[in-house]
Amino acid sequence: MNQGRVVEAFRLEAGQLTQAMAGASAAEWRLPTRCVPWTVSELLAHVRVVIAWLPGMLAEPAPTRAEVSAVEYYRPDDRFAPDTNAARIALAQDHAAEQLSGSALAEDFNATWQKVDRLCQAEPEGRVVRTRHGDPMLLSEFLLTRVVEIAVHGLDLADALGRKPWLTSQAADLVQDLLLGGPDGAAALDKLGWGQLRFLRKATGREPITREEALDVSRLGIRWLTLG
């Protein structure tokens with residue numbers, strides 16, 4: 001995965017999310033989301049938390065080699081266990097509660113992603129990092145998982161707010177390639193007859209999939225990732 005391409009998608013998608021949330025009203029910050037039990041403010045806090053791991057990761061010595069790809073990062077192990085998920089939920093709720101207002105949370109998110117963007121731009125191609133789960137990964141591969149977080153939860157936030165999705169084409173293309181196993185998977189998407197946004201919604205559980213559609217997906221050899 002080209003590091004520059006991922007950094008650009010991260011920057012553009014995070015910027016879109018910042019703009020979208022900047023004008024949210026006090027009532028909108030309290031709205032429920034499909035990511036129960038998070039409200040809009042708590043879901044944005046979650047996105048902020050998961051990108052805020054990067055500065056600490058980049059400050060640590062680089063592992064000698066990458067051993068885990070973005071696809072392998074989503075393997076169904078204890079990182080998606082009930083206890084881990086409960087901790088993830090609480091961490092986002094705590095961070096949201098620490099903010100004085102929704103606008104303060106939006107400003108904090110904006111400052112966080114911009115710092116991450118600056119740090120990633122300064123790193124050489126092929127930089128390896130170690131995740132908090134212990135995975136040695138290329139920075140480009142780990143940052144791709146952060147693009148997934150911003151893009152997919154951006155859909156959740158847009159739906160909660162009753163707005164049109166603001167998903168950027170750069171982020172959408174990267175997430176699609178990840179879910180389909182690379183650019184060649186687009187041919188399978190054509191056979192399904194789904195548009196890109198509909199595919200992303202179905203592949204990430206944001207839109208129900210019928211039995212017939214599930215059979216078509218299976219016949220085409222598409223396997224959904226464990227996204228939590």
# chains A, B, ... in the order shown; residues from 1 in each chain; ligands from 1
call {"tool": "select_by_dssp", "arguments": {"residues": "chain A", "states": "strand (DSSP E)", "output": "PyMOL selection string"}}
result
chain A and resi 128-130+136-138
call {"tool": "closest_atom_pairs", "arguments": {"of": "segment 55-154 of chain A", "to": "segment 162-178 of chain A", "cutoff": "9 Å", "atoms": "only C-alpha atoms", "output": "tab-separated table"}}
result
residue	atom	partner	partner_atom	distance
A:Ala70	CA	A:Leu178	CA	7.7
A:Val71	CA	A:Leu178	CA	6.9
A:Leu144	CA	A:Leu174	CA	7.6
A:Thr145	CA	A:Val175	CA	8.6
A:Val147	CA	A:Ala171	CA	6.5
A:Val148	CA	A:Val175	CA	6.0
A:Ile150	CA	A:Ala171	CA	8.8
A:Ala151	CA	A:Leu167	CA	6.3
A:Val152	CA	A:Leu167	CA	8.6
A:Gly154	CA	A:Leu167	CA	7.1
call {"tool": "residues_around", "arguments": {"residues": "Gln93 of chain A", "least_positions_apart": "4", "cutoff": "10 Å", "atoms": "only C-alpha atoms", "output": "ChimeraX atom specification"}}
result
/A:37-39,41-46,87-89,97-98
call {"tool": "atom_distance", "arguments": {"atom1": "atom CA of Val68 of chain A", "atom2": "atom CA of Ala92 of chain A"}}
result
25.9 Å
call {"tool": "select_by_dssp", "arguments": {"residues": "segment 9-224 of chain A", "states": "alpha helix (DSSP H)", "output": "PyMOL selection string"}}
result
chain A and resi 9-22+26-29+40-51+54-59+70-73+82-98+102-121+139-161+169-180+186-192+196-203+211-219
call {"tool": "residues_around", "arguments": {"residues": "segment 206-222 of chain A", "least_positions_apart": "4", "cutoff": "8 Å", "atoms": "only C-alpha atoms", "output": "tab-separated table (two decimals) with all heavy atoms, in the first residue's frame"}}
result
chain	number	residue	atom	x	y	z
A	156	ASP	N	-21.96	6.34	9.95
A	156	ASP	CA	-22.83	6.22	11.13
A	156	ASP	C	-23.26	7.60	11.64
A	156	ASP	O	-24.42	7.80	12.02
A	156	ASP	CB	-22.08	5.49	12.25
A	156	ASP	CG	-21.71	4.06	11.88
A	156	ASP	OD1	-22.44	3.44	11.09
A	156	ASP	OD2	-20.68	3.58	12.39
A	180	LEU	N	-12.43	-5.93	-0.49
A	180	LEU	CA	-12.51	-6.85	-1.63
A	180	LEU	C	-11.20	-7.55	-1.92
A	180	LEU	O	-11.10	-8.33	-2.86
A	180	LEU	CB	-12.97	-6.09	-2.88
A	180	LEU	CG	-14.43	-5.63	-2.88
A	180	LEU	CD1	-14.70	-4.73	-4.08
A	180	LEU	CD2	-15.37	-6.82	-2.88
A	188	ALA	N	-15.83	-8.21	-8.96
A	188	ALA	CA	-16.87	-8.91	-8.20
A	188	ALA	C	-17.98	-7.96	-7.80
A	188	ALA	O	-19.17	-8.32	-7.82
A	188	ALA	CB	-16.24	-9.55	-6.96
A	192	LEU	N	-22.16	-8.04	-8.53
A	192	LEU	CA	-23.21	-7.91	-7.52
A	192	LEU	C	-24.23	-6.85	-7.92
A	192	LEU	O	-25.37	-6.87	-7.46
A	192	LEU	CB	-22.59	-7.56	-6.16
A	192	LEU	CG	-21.86	-8.68	-5.43
A	192	LEU	CD1	-21.12	-8.12	-4.21
A	192	LEU	CD2	-22.83	-9.77	-4.99
A	198	ARG	N	-23.37	1.53	-1.44
A	198	ARG	CA	-24.22	0.43	-0.99
A	198	ARG	C	-23.36	-0.77	-0.57
A	198	ARG	O	-23.64	-1.43	0.43
A	198	ARG	CB	-25.19	0.02	-2.11
A	198	ARG	CG	-26.24	-0.96	-1.63
A	198	ARG	CD	-27.21	-1.33	-2.74
A	198	ARG	NE	-28.25	-2.22	-2.24
A	198	ARG	CZ	-28.92	-3.06	-3.00
A	198	ARG	NH1	-28.68	-3.11	-4.31
A	198	ARG	NH2	-29.83	-3.85	-2.49
A	200	LEU	N	-20.27	-0.68	0.59
A	200	LEU	CA	-19.61	-0.38	1.87
A	200	LEU	C	-20.59	-0.52	3.03
A	200	LEU	O	-20.22	-1.01	4.10
A	200	LEU	CB	-19.00	1.02	1.84
A	200	LEU	CG	-17.85	1.23	0.85
A	200	LEU	CD1	-17.37	2.68	0.89
A	200	LEU	CD2	-16.69	0.28	1.14
A	201	ARG	N	-21.81	-0.10	2.83
A	201	ARG	CA	-22.81	-0.23	3.89
A	201	ARG	C	-23.10	-1.70	4.20
A	201	ARG	O	-23.17	-2.11	5.36
A	201	ARG	CB	-24.11	0.48	3.48
A	201	ARG	CG	-24.05	2.00	3.54
A	201	ARG	CD	-25.43	2.58	3.29
A	201	ARG	NE	-25.46	4.04	3.36
A	201	ARG	CZ	-25.50	4.73	4.49
A	201	ARG	NH1	-25.50	4.11	5.66
A	201	ARG	NH2	-25.54	6.05	4.47
A	202	LYS	N	-23.26	-2.51	3.17
A	202	LYS	CA	-23.58	-3.92	3.38
A	202	LYS	C	-22.38	-4.68	3.95
A	202	LYS	O	-22.53	-5.52	4.85
A	202	LYS	CB	-24.05	-4.57	2.06
A	202	LYS	CG	-25.45	-4.15	1.65
A	202	LYS	CD	-25.89	-4.85	0.38
A	202	LYS	CE	-27.33	-4.49	0.01
A	202	LYS	NZ	-28.33	-5.05	0.97
call {"tool": "closest_atom_pairs", "arguments": {"of": "segment 139-194 of chain A", "to": "segment 117-120 of chain A", "cutoff": "10 Å", "atoms": "only C-alpha atoms", "output": "tab-separated table"}}
result
residue	atom	partner	partner_atom	distance
A:Leu139	CA	A:Cys120	CA	8.1
A:Ser140	CA	A:Cys120	CA	9.0
A:Leu143	CA	A:Cys120	CA	8.9
call {"tool": "write_last_selection", "arguments": {"atoms": "N, CA and C atoms", "output": "mmCIF file, in the first residue's frame"}}
result
data_model
loop_
_atom_site.group_PDB
_atom_site.id
_atom_site.type_symbol
_atom_site.label_atom_id
_atom_site.label_comp_id
_atom_site.auth_asym_id
_atom_site.auth_seq_id
_atom_site.Cartn_x
_atom_site.Cartn_y
_atom_site.Cartn_z
ATOM 1 N N LEU A 139 3.343 1.403 8.580
ATOM 2 C CA LEU A 139 2.530 2.568 8.931
ATOM 3 C C LEU A 139 1.378 2.723 7.947
ATOM 4 N N SER A 140 1.642 2.506 6.666
ATOM 5 C CA SER A 140 0.591 2.639 5.657
ATOM 6 C C SER A 140 -0.559 1.669 5.924
ATOM 7 N N LEU A 143 -2.395 2.864 9.191
ATOM 8 C CA LEU A 143 -3.149 4.083 8.910
ATOM 9 C C LEU A 143 -4.377 3.769 8.056
#
call {"tool": "residues_around", "arguments": {"residues": "Leu161 of chain A", "least_positions_apart": "4", "cutoff": "12 Å", "atoms": "only C-alpha atoms", "output": "list in words"}}
result
Ala20, Met21, Gly23, Ala24, Ser25, Ala26, Ala27, Glu28, Trp29, Arg30, Leu31, Pro32, Thr33, Arg34, Thr39, Val40, Ser41, Gly154, Leu155, Asp156, Leu157, Pro165 and Trp166 of chain A
call {"tool": "atom_distance", "arguments": {"atom1": "atom CA of Pro82 of chain A", "atom2": "atom CA of Pro136 of chain A"}}
result
24.1 Å
call {"tool": "atom_distance", "arguments": {"atom1": "atom CA of Ala81 of chain A", "atom2": "atom CA of Glu149 of chain A"}}
result
18.1 Å
call {"tool": "residues_around", "arguments": {"residues": "Met57 of chain A", "least_positions_apart": "4", "cutoff": "8 Å", "atoms": "only C-alpha atoms", "output": "JSON, numbers by chain"}}
result
{"A": [53, 129, 130, 131, 132]}
